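The structure file entry_32.txt is reproduced below (compact mmCIF, C-alpha atoms).
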```txt
# COMPACT_ATOMS: atom_id res chain seq x y z
CA MET A 1 -51.33 30.23 -34.85
CA GLN A 2 -48.77 28.00 -36.54
CA ASP A 3 -46.25 26.25 -34.28
CA GLU A 4 -42.79 27.78 -34.43
CA PRO A 5 -39.99 25.41 -35.55
CA PHE A 6 -37.11 24.50 -33.27
CA ASP A 7 -33.81 23.34 -34.78
CA LEU A 8 -32.90 20.36 -32.57
CA ASP A 9 -29.81 19.52 -34.63
CA ARG A 10 -28.37 23.02 -34.25
CA ALA A 11 -29.30 23.18 -30.56
CA PHE A 12 -27.54 19.90 -29.75
CA TYR A 13 -24.39 20.88 -31.64
CA ARG A 14 -24.26 24.26 -29.91
CA GLU A 15 -24.58 22.50 -26.55
CA GLN A 16 -21.75 20.16 -27.54
CA ALA A 17 -19.57 23.14 -28.49
CA ALA A 18 -20.10 24.65 -25.03
CA LEU A 19 -19.40 21.35 -23.27
CA ARG A 20 -16.33 20.74 -25.40
CA ASN A 21 -14.97 24.18 -24.62
CA ASP A 22 -15.29 23.35 -20.92
CA LEU A 23 -13.34 20.13 -21.42
CA GLU A 24 -10.57 21.60 -23.55
CA ALA A 25 -9.91 24.67 -21.42
CA GLY A 26 -6.26 24.59 -20.43
CA ARG A 27 -5.51 21.24 -22.08
CA GLU A 28 -3.33 22.71 -24.82
CA VAL A 29 -1.03 24.58 -22.43
CA VAL A 30 -0.47 21.71 -19.99
CA THR A 31 2.44 19.45 -20.97
CA HIS A 32 3.29 17.48 -17.80
CA PRO A 33 1.59 14.04 -18.03
CA GLY A 34 0.46 14.01 -14.41
CA ALA A 35 -0.84 17.56 -14.55
CA LYS A 36 -2.56 16.89 -17.87
CA GLY A 37 -4.26 13.82 -16.40
CA ASP A 38 -5.42 15.75 -13.34
CA GLY A 39 -6.72 18.52 -15.59
CA SER A 40 -8.64 16.09 -17.79
CA GLU A 41 -10.33 14.53 -14.76
CA LEU A 42 -11.30 17.96 -13.47
CA HIS A 43 -12.73 19.09 -16.81
CA TRP A 44 -14.82 15.93 -17.30
CA LYS A 45 -16.05 16.18 -13.72
CA GLU A 46 -16.96 19.86 -14.03
CA MET A 47 -18.65 19.34 -17.41
CA LEU A 48 -20.80 16.48 -16.10
CA SER A 49 -21.62 18.40 -12.92
CA GLY A 50 -23.01 21.22 -15.03
CA PHE A 51 -24.86 18.95 -17.45
CA LEU A 52 -26.52 16.33 -15.24
CA PRO A 53 -29.72 17.00 -13.27
CA SER A 54 -29.19 18.22 -9.71
CA ARG A 55 -30.25 14.85 -8.28
CA TYR A 56 -26.72 13.65 -9.15
CA LEU A 57 -23.38 14.64 -7.63
CA VAL A 58 -20.13 14.17 -9.54
CA SER A 59 -16.99 13.56 -7.46
CA LYS A 60 -13.48 12.12 -7.54
CA GLY A 61 -12.59 9.73 -4.76
CA PHE A 62 -13.27 6.31 -3.31
CA VAL A 63 -16.33 4.13 -2.86
CA VAL A 64 -16.61 2.64 0.64
CA ASP A 65 -18.94 0.13 2.27
CA SER A 66 -20.29 -0.69 5.74
CA ALA A 67 -17.75 -3.50 6.12
CA GLY A 68 -14.92 -0.94 6.11
CA ARG A 69 -13.61 -1.66 2.61
CA ARG A 70 -12.98 0.82 -0.17
CA SER A 71 -12.57 0.77 -3.93
CA GLU A 72 -9.55 1.94 -5.86
CA GLN A 73 -9.44 5.68 -6.50
CA ILE A 74 -12.07 6.61 -9.08
CA ASP A 75 -11.69 9.61 -11.41
CA VAL A 76 -15.41 10.33 -11.84
CA ILE A 77 -18.12 9.03 -9.49
CA ILE A 78 -21.75 9.88 -10.24
CA HIS A 79 -23.68 9.43 -7.02
CA ASP A 80 -26.94 10.31 -5.32
CA HIS A 81 -27.71 13.87 -4.17
CA VAL A 82 -31.20 13.26 -2.76
CA PHE A 83 -31.35 10.26 -0.43
CA SER A 84 -27.68 9.73 0.45
CA PRO A 85 -25.34 11.81 2.62
CA LEU A 86 -21.71 12.44 1.76
CA LEU A 87 -20.24 11.25 5.03
CA TRP A 88 -16.52 11.72 4.51
CA GLU A 89 -14.17 14.07 2.63
CA ASN A 90 -10.40 14.41 2.94
CA GLY A 91 -8.08 16.63 0.94
CA GLY A 92 -10.53 17.08 -1.90
CA HIS A 93 -11.19 13.35 -2.18
CA MET A 94 -14.67 12.08 -1.41
CA TYR A 95 -15.46 8.78 0.29
CA VAL A 96 -18.83 7.85 -1.17
CA PRO A 97 -21.14 5.17 0.33
CA ALA A 98 -21.44 2.24 -2.09
CA GLU A 99 -25.23 2.36 -1.91
CA SER A 100 -25.32 5.86 -3.46
CA VAL A 101 -23.28 5.14 -6.62
CA TYR A 102 -24.90 5.29 -10.06
CA ALA A 103 -21.84 5.24 -12.31
CA VAL A 104 -18.05 5.43 -12.34
CA PHE A 105 -15.64 6.48 -15.09
CA GLU A 106 -11.91 6.33 -15.64
CA VAL A 107 -10.34 9.31 -17.45
CA LYS A 108 -7.38 8.82 -19.81
CA GLN A 109 -5.91 10.62 -22.81
CA GLU A 110 -6.68 7.80 -25.26
CA TYR A 111 -8.38 4.44 -25.75
CA SER A 112 -6.05 1.42 -25.68
CA LEU A 113 -6.11 -2.19 -24.50
CA GLU A 114 -4.22 -1.18 -21.36
CA HIS A 115 -6.62 1.61 -20.48
CA ILE A 116 -9.77 -0.45 -21.11
CA LYS A 117 -8.43 -3.20 -18.83
CA TYR A 118 -7.52 -0.59 -16.22
CA ALA A 119 -10.98 0.99 -16.35
CA GLY A 120 -12.51 -2.48 -15.98
CA GLN A 121 -10.42 -3.18 -12.86
CA LYS A 122 -11.54 0.13 -11.35
CA ALA A 123 -15.17 -0.72 -12.12
CA ALA A 124 -14.83 -4.14 -10.47
CA SER A 125 -13.36 -2.59 -7.33
CA VAL A 126 -16.58 -0.55 -7.01
CA ARG A 127 -19.00 -3.34 -7.89
CA ARG A 128 -17.45 -5.65 -5.27
CA ARG A 129 -18.36 -3.27 -2.44
CA LEU A 130 -21.10 -4.41 -0.06
CA ARG A 131 -24.36 -2.48 -0.43
CA THR A 132 -26.92 -2.52 2.36
CA GLU A 133 -30.68 -2.24 1.84
CA ALA A 134 -33.19 -0.43 4.02
CA GLU A 135 -36.73 0.92 3.86
CA PHE A 136 -37.22 4.67 4.07
CA GLY A 137 -40.14 6.99 4.61
CA TRP A 138 -41.48 9.53 2.14
CA ILE A 139 -44.70 11.46 1.46
CA ARG A 140 -46.58 8.32 0.39
CA GLY A 141 -45.49 6.20 3.32
CA ILE A 142 -42.71 3.62 3.54
CA ALA A 143 -40.71 2.76 0.44
CA LYS A 144 -39.82 -0.92 0.35
CA LYS A 145 -36.39 -2.30 -0.30
CA LYS A 146 -35.66 -2.24 -4.01
CA THR A 147 -33.64 -4.58 -6.18
CA LEU A 148 -30.07 -3.31 -6.35
CA PHE A 149 -28.80 -2.32 -9.79
CA THR A 150 -25.23 -2.75 -11.01
CA PRO A 151 -23.45 0.62 -11.23
CA LEU A 152 -22.57 1.75 -14.73
CA ALA A 153 -18.91 2.10 -15.71
CA GLY A 154 -16.94 3.47 -18.61
CA LEU A 155 -13.89 5.25 -20.03
CA LEU A 156 -13.58 8.92 -21.04
CA THR A 157 -10.75 10.06 -23.32
CA VAL A 158 -9.73 12.64 -25.89
CA ASP A 159 -8.54 10.23 -28.58
CA SER A 160 -7.80 6.59 -29.38
CA ALA A 161 -4.58 4.65 -29.90
CA TRP A 162 -6.36 2.64 -32.63
CA THR A 163 -7.21 3.44 -36.22
CA PRO A 164 -10.08 3.03 -36.70
CA ALA A 165 -11.02 3.86 -33.12
CA PHE A 166 -13.86 1.34 -33.02
CA GLY A 167 -12.50 -1.65 -34.86
CA ASP A 168 -11.55 -5.22 -33.95
CA PRO A 169 -9.04 -4.29 -31.17
CA PHE A 170 -11.69 -2.16 -29.42
CA TYR A 171 -14.35 -4.88 -29.51
CA LYS A 172 -11.84 -7.55 -28.47
CA ALA A 173 -10.76 -5.45 -25.49
CA LEU A 174 -14.36 -4.98 -24.31
CA GLY A 175 -15.06 -8.69 -24.80
CA GLY A 176 -12.05 -9.64 -22.69
CA LEU A 177 -13.45 -8.04 -19.53
CA SER A 178 -15.06 -10.13 -16.81
CA GLU A 179 -18.66 -9.73 -15.64
CA SER A 180 -17.65 -7.44 -12.78
CA GLU A 181 -15.27 -5.47 -15.03
CA HIS A 182 -17.63 -4.81 -17.94
CA LEU A 183 -17.82 -1.28 -19.34
CA ASP A 184 -21.15 0.19 -20.40
CA LEU A 185 -20.41 3.39 -22.27
CA GLY A 186 -17.72 5.92 -23.02
CA CYS A 187 -16.41 8.71 -25.18
CA ALA A 188 -13.31 9.46 -27.22
CA LEU A 189 -13.83 13.18 -27.78
CA ASN A 190 -12.19 13.29 -31.22
CA ARG A 191 -13.39 9.89 -32.46
CA GLY A 192 -16.92 9.15 -31.20
CA SER A 193 -18.88 7.74 -28.28
CA TRP A 194 -20.37 4.31 -27.63
CA ASP A 195 -23.05 2.59 -25.55
CA LEU A 196 -23.04 -1.17 -24.93
CA GLU A 197 -26.05 -2.76 -23.21
CA ASP A 198 -25.35 -6.42 -24.10
CA HIS A 199 -21.92 -7.15 -22.64
CA THR A 200 -21.85 -10.60 -24.24
CA SER A 201 -21.94 -8.97 -27.68
CA PRO A 202 -19.41 -6.10 -27.89
CA ARG A 203 -20.17 -5.50 -31.58
CA SER A 204 -23.73 -4.55 -30.66
CA ALA A 205 -22.43 -1.27 -29.18
CA GLN A 206 -24.20 1.83 -30.49
CA LEU A 207 -21.65 4.24 -31.96
CA SER A 208 -22.01 7.96 -32.55
CA VAL A 209 -20.70 9.87 -35.53
CA PRO A 210 -17.35 11.50 -34.58
CA ASP A 211 -18.69 15.05 -34.79
CA ALA A 212 -21.39 14.30 -32.20
CA ALA A 213 -19.19 12.34 -29.76
CA LEU A 214 -19.75 14.44 -26.67
CA ILE A 215 -23.45 15.28 -26.93
CA SER A 216 -24.26 11.69 -27.92
CA PHE A 217 -22.37 10.38 -24.89
CA CYS A 218 -24.22 12.80 -22.60
CA MET A 219 -27.61 11.82 -23.98
CA HIS A 220 -26.87 8.10 -23.70
CA LEU A 221 -25.64 8.62 -20.14
CA LEU A 222 -28.92 10.34 -19.27
CA TYR A 223 -30.85 7.46 -20.83
CA ARG A 224 -28.88 4.83 -18.91
CA LEU A 225 -29.21 6.72 -15.61
CA GLN A 226 -32.94 7.10 -16.22
CA LYS A 227 -33.25 3.32 -16.66
CA LEU A 228 -31.51 2.71 -13.33
CA GLY A 229 -34.09 4.74 -11.43
CA SER A 230 -33.22 5.84 -7.90
CA VAL A 231 -30.82 4.29 -5.43
CA GLY A 232 -32.24 2.36 -2.49
CA GLY A 233 -32.17 3.16 1.20
CA ILE A 234 -28.92 2.87 3.19
CA ASP A 235 -28.87 0.82 6.37
CA TYR A 236 -27.05 3.40 8.50
CA GLY A 237 -27.17 1.01 11.45
CA ALA A 238 -24.80 -1.33 9.60
CA TYR A 239 -22.23 1.45 9.23
CA GLU A 240 -22.67 2.42 12.89
CA ARG A 241 -22.39 -1.15 14.21
CA ASN A 242 -19.38 -2.07 12.08
CA ALA A 243 -17.61 1.15 13.10
CA GLY A 244 -17.99 0.16 16.76
CA LEU A 245 -20.07 3.23 17.63
CA THR A 246 -22.69 1.31 19.60
CA ARG A 247 -22.47 -0.84 22.70
CA GLU A 248 -23.34 -4.50 22.51
```
For the file at hand, write its structure as structure tokens.
Amino acid sequence: MQDEPFDLDRAFYREQAALRNDLEAGREVVTHPGAKGDGSELHWKEMLSGFLPSRYLVSKGFVVDSAGRRSEQIDVIIHDHVFSPLLWENGGHMYVPAESVYAVFEVKQEYSLEHIKYAGQKAASVRRRLRTEAEFGWIRGIAKKKTLFTPLAGLLTVDSAWTPAFGDPFYKALGGLSESEHLDLGCALNRGSWDLEDHTSPRSAQLSVPDAALISFCMHLLYRLQKLGSVGGIDYGAYERNAGLTRE
């Protein structure tokens, strides 16, 4: 029996249409800047929650470490749902252990120099957090401590302040970020998405065609998360000791 064809192109574009509808729901009727920003964050978070495999959680909140320090508030945190507990929540904001973080994103209405710098500062506030390492048991015995990866970071928007969206100002803005601030990938819904693996060469970023911005971003995000593998074990004793929960 002859194999039946499957139209990948059509399937991906239909998936993008569904994801885009999720993102744009309510955006046209919201005019207050603060409310529009909150709505955008919620839509990106809900869309990614529905798209990503269940091993990942998607939250808004802060990244905290065992030394009692926290990051700036992060619009979208992609963190572990298998090995790591969510220890704290307050008023809808999550306080996520630094060891469990895979990626963080800032959400804005458009790309600009100001917003790229701001997203870089948010990323650095996460990457500076102390991450403990511990062995943990599983079906095949004891998993050893693994080399810690650097969490991914990026910027999610609807549009861009630049024309063209991905011209000299865009590349210059990415190149002006420090090592701890670097951005890995992002999406301007109406202009295209991008993925930059070599932070020393901003012009090496892979760009999508504008019509495939959202689905291309999602596929590149899956690829980058896949390359990271799994988070390591958390040393819960470090959190307990530094919180003063144990006697000396």
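Going from CA of Val76 (chain A) over to CA of Tyr223 (chain A), you cover 18.1 Å.
Excluding Leu155 (chain A) itself and any same-chain residue fewer than 6 positions from it, the protein and nucleic acid residues within 7 Å of it, counting all atoms listed in the file, are Phe105, Glu106, Val107, Ala119, Gly186 and Cys187 of chain A.
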Produce a table with one row for each residue of region 59-103 of chain A that has an atom at most 6 Å from any atom of region 122-143 of chain A, each row naming the nearest atom pair and its distance in Å at one decimal; use only C-alpha atoms; arrange rows by chain and rising residue number; format as a Markdown table.
```
| residue | atom | partner | partner_atom | distance |
| --- | --- | --- | --- | --- |
| A:Asp65 | CA | A:Leu130 | CA | 5.5 |
| A:Ser71 | CA | A:Ser125 | CA | 4.8 |
| A:Ala98 | CA | A:Arg131 | CA | 5.8 |
| A:Glu99 | CA | A:Arg131 | CA | 5.1 |
```
| query | Residues at most 8 Å from region 165-171 of chain A, counting only C-alpha atoms, excluding those fewer than 6 positions away in the same chain, as a ChimeraX atom specification? | reply | /A:111-113,191,202-203
Output of the above residues as a PDB file, in the coordinates of the input, restricted to C-alpha atoms:
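As written to disk, again_32.pdb reads:
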```pdb
ATOM      1  CA  TYR A 111      -8.380   4.440 -25.750  1.00  0.00           C
ATOM      2  CA  SER A 112      -6.050   1.420 -25.680  1.00  0.00           C
ATOM      3  CA  LEU A 113      -6.110  -2.190 -24.500  1.00  0.00           C
ATOM      4  CA  ARG A 191     -13.390   9.890 -32.460  1.00  0.00           C
ATOM      5  CA  PRO A 202     -19.410  -6.100 -27.890  1.00  0.00           C
ATOM      6  CA  ARG A 203     -20.170  -5.500 -31.580  1.00  0.00           C
TER       7      ARG A 203
END
```
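Each of A:Leu87, A:Ala18, A:Trp44, A:Arg10 was checked against Tyr239 (chain A) using only C-alpha atoms; the smallest atom-to-atom distance is that of A:Leu87.
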| Neighbour list for Thr157 (chain A) as number ranges by chain, cut-off 6 Å, all atoms listed in the file, skip fewer than 5 positions in-chain | A: 107-110, 188
Any chance you could export the current selection's C-alpha atoms as an mmCIF file, keeping the file's coordinate frame?
```
data_model
loop_
_atom_site.group_PDB
_atom_site.id
_atom_site.type_symbol
_atom_site.label_atom_id
_atom_site.label_comp_id
_atom_site.auth_asym_id
_atom_site.auth_seq_id
_atom_site.Cartn_x
_atom_site.Cartn_y
_atom_site.Cartn_z
ATOM 1 C CA VAL A 107 -10.340 9.310 -17.450
ATOM 2 C CA LYS A 108 -7.380 8.820 -19.810
ATOM 3 C CA GLN A 109 -5.910 10.620 -22.810
ATOM 4 C CA GLU A 110 -6.680 7.800 -25.260
ATOM 5 C CA ALA A 188 -13.310 9.460 -27.220
#
```
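Take CA of Ile78 (chain A) and CA of Ser54 (chain A): the distance between them is 11.2 Å.
Shortest separation to His182 (chain A) among A:Ser160, A:His43, A:Gly120, A:Tyr102 occurs at residue A:Gly120, atoms counted being all atoms listed in the file.
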| Using all atoms listed in the file, which of the listed residues (A:Ala103, A:Leu174, A:Ala205, A:Ile74) sits closest to Gln226 (chain A)? | A:Ala103
| CA of Gln73 (chain A) and CA of Gly229 (chain A), how far apart in Å? | 25.2 Å
| said: I'd like the neighbourhood of Tyr13 (chain A) as a ChimeraX atom specification, where a residue qualifies if any of its atoms comes within 10 Å (using all atoms listed in the file), though same-chain residues fewer than 2 positions away should be ignored. | reply: /A:8-11,15-19,211-212,214-216
Export of prior selection with C-alpha atoms as a PDB file, keeping the file's coordinate frame:
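The resulting file, part-v9.pdb, is reproduced below:
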```pdb
ATOM      1  CA  LEU A   8     -32.900  20.360 -32.570  1.00  0.00           C
ATOM      2  CA  ASP A   9     -29.810  19.520 -34.630  1.00  0.00           C
ATOM      3  CA  ARG A  10     -28.370  23.020 -34.250  1.00  0.00           C
ATOM      4  CA  ALA A  11     -29.300  23.180 -30.560  1.00  0.00           C
ATOM      5  CA  GLU A  15     -24.580  22.500 -26.550  1.00  0.00           C
ATOM      6  CA  GLN A  16     -21.750  20.160 -27.540  1.00  0.00           C
ATOM      7  CA  ALA A  17     -19.570  23.140 -28.490  1.00  0.00           C
ATOM      8  CA  ALA A  18     -20.100  24.650 -25.030  1.00  0.00           C
ATOM      9  CA  LEU A  19     -19.400  21.350 -23.270  1.00  0.00           C
ATOM     10  CA  ASP A 211     -18.690  15.050 -34.790  1.00  0.00           C
ATOM     11  CA  ALA A 212     -21.390  14.300 -32.200  1.00  0.00           C
ATOM     12  CA  LEU A 214     -19.750  14.440 -26.670  1.00  0.00           C
ATOM     13  CA  ILE A 215     -23.450  15.280 -26.930  1.00  0.00           C
ATOM     14  CA  SER A 216     -24.260  11.690 -27.920  1.00  0.00           C
TER      15      SER A 216
END
```
| note | His115 (chain A) proximity check over A:Gly92, A:Arg70, A:Leu177, A:Gly61, using only C-alpha atoms: winner is A:Leu177
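Residues surrounding Leu48 (chain A) within 10 Å are A:Leu19, A:Leu23, A:Leu42, A:Tyr56, A:Leu57, A:Val58, A:Ser59, A:Val76, A:Ile78, A:Cys218 [only C-alpha atoms; sequence separation below 6 positions excluded].
Among the candidates A:Ala213, A:Leu221, A:Asn242, A:Leu152, the one nearest to Phe51 (chain A) when counting all atoms listed in the file is A:Leu221.
Shortest atom-to-atom contact with Tyr236 (chain A) among A:Thr147, A:Gln121, A:Ser208, A:Ser84: A:Ser84, counting only C-alpha atoms.
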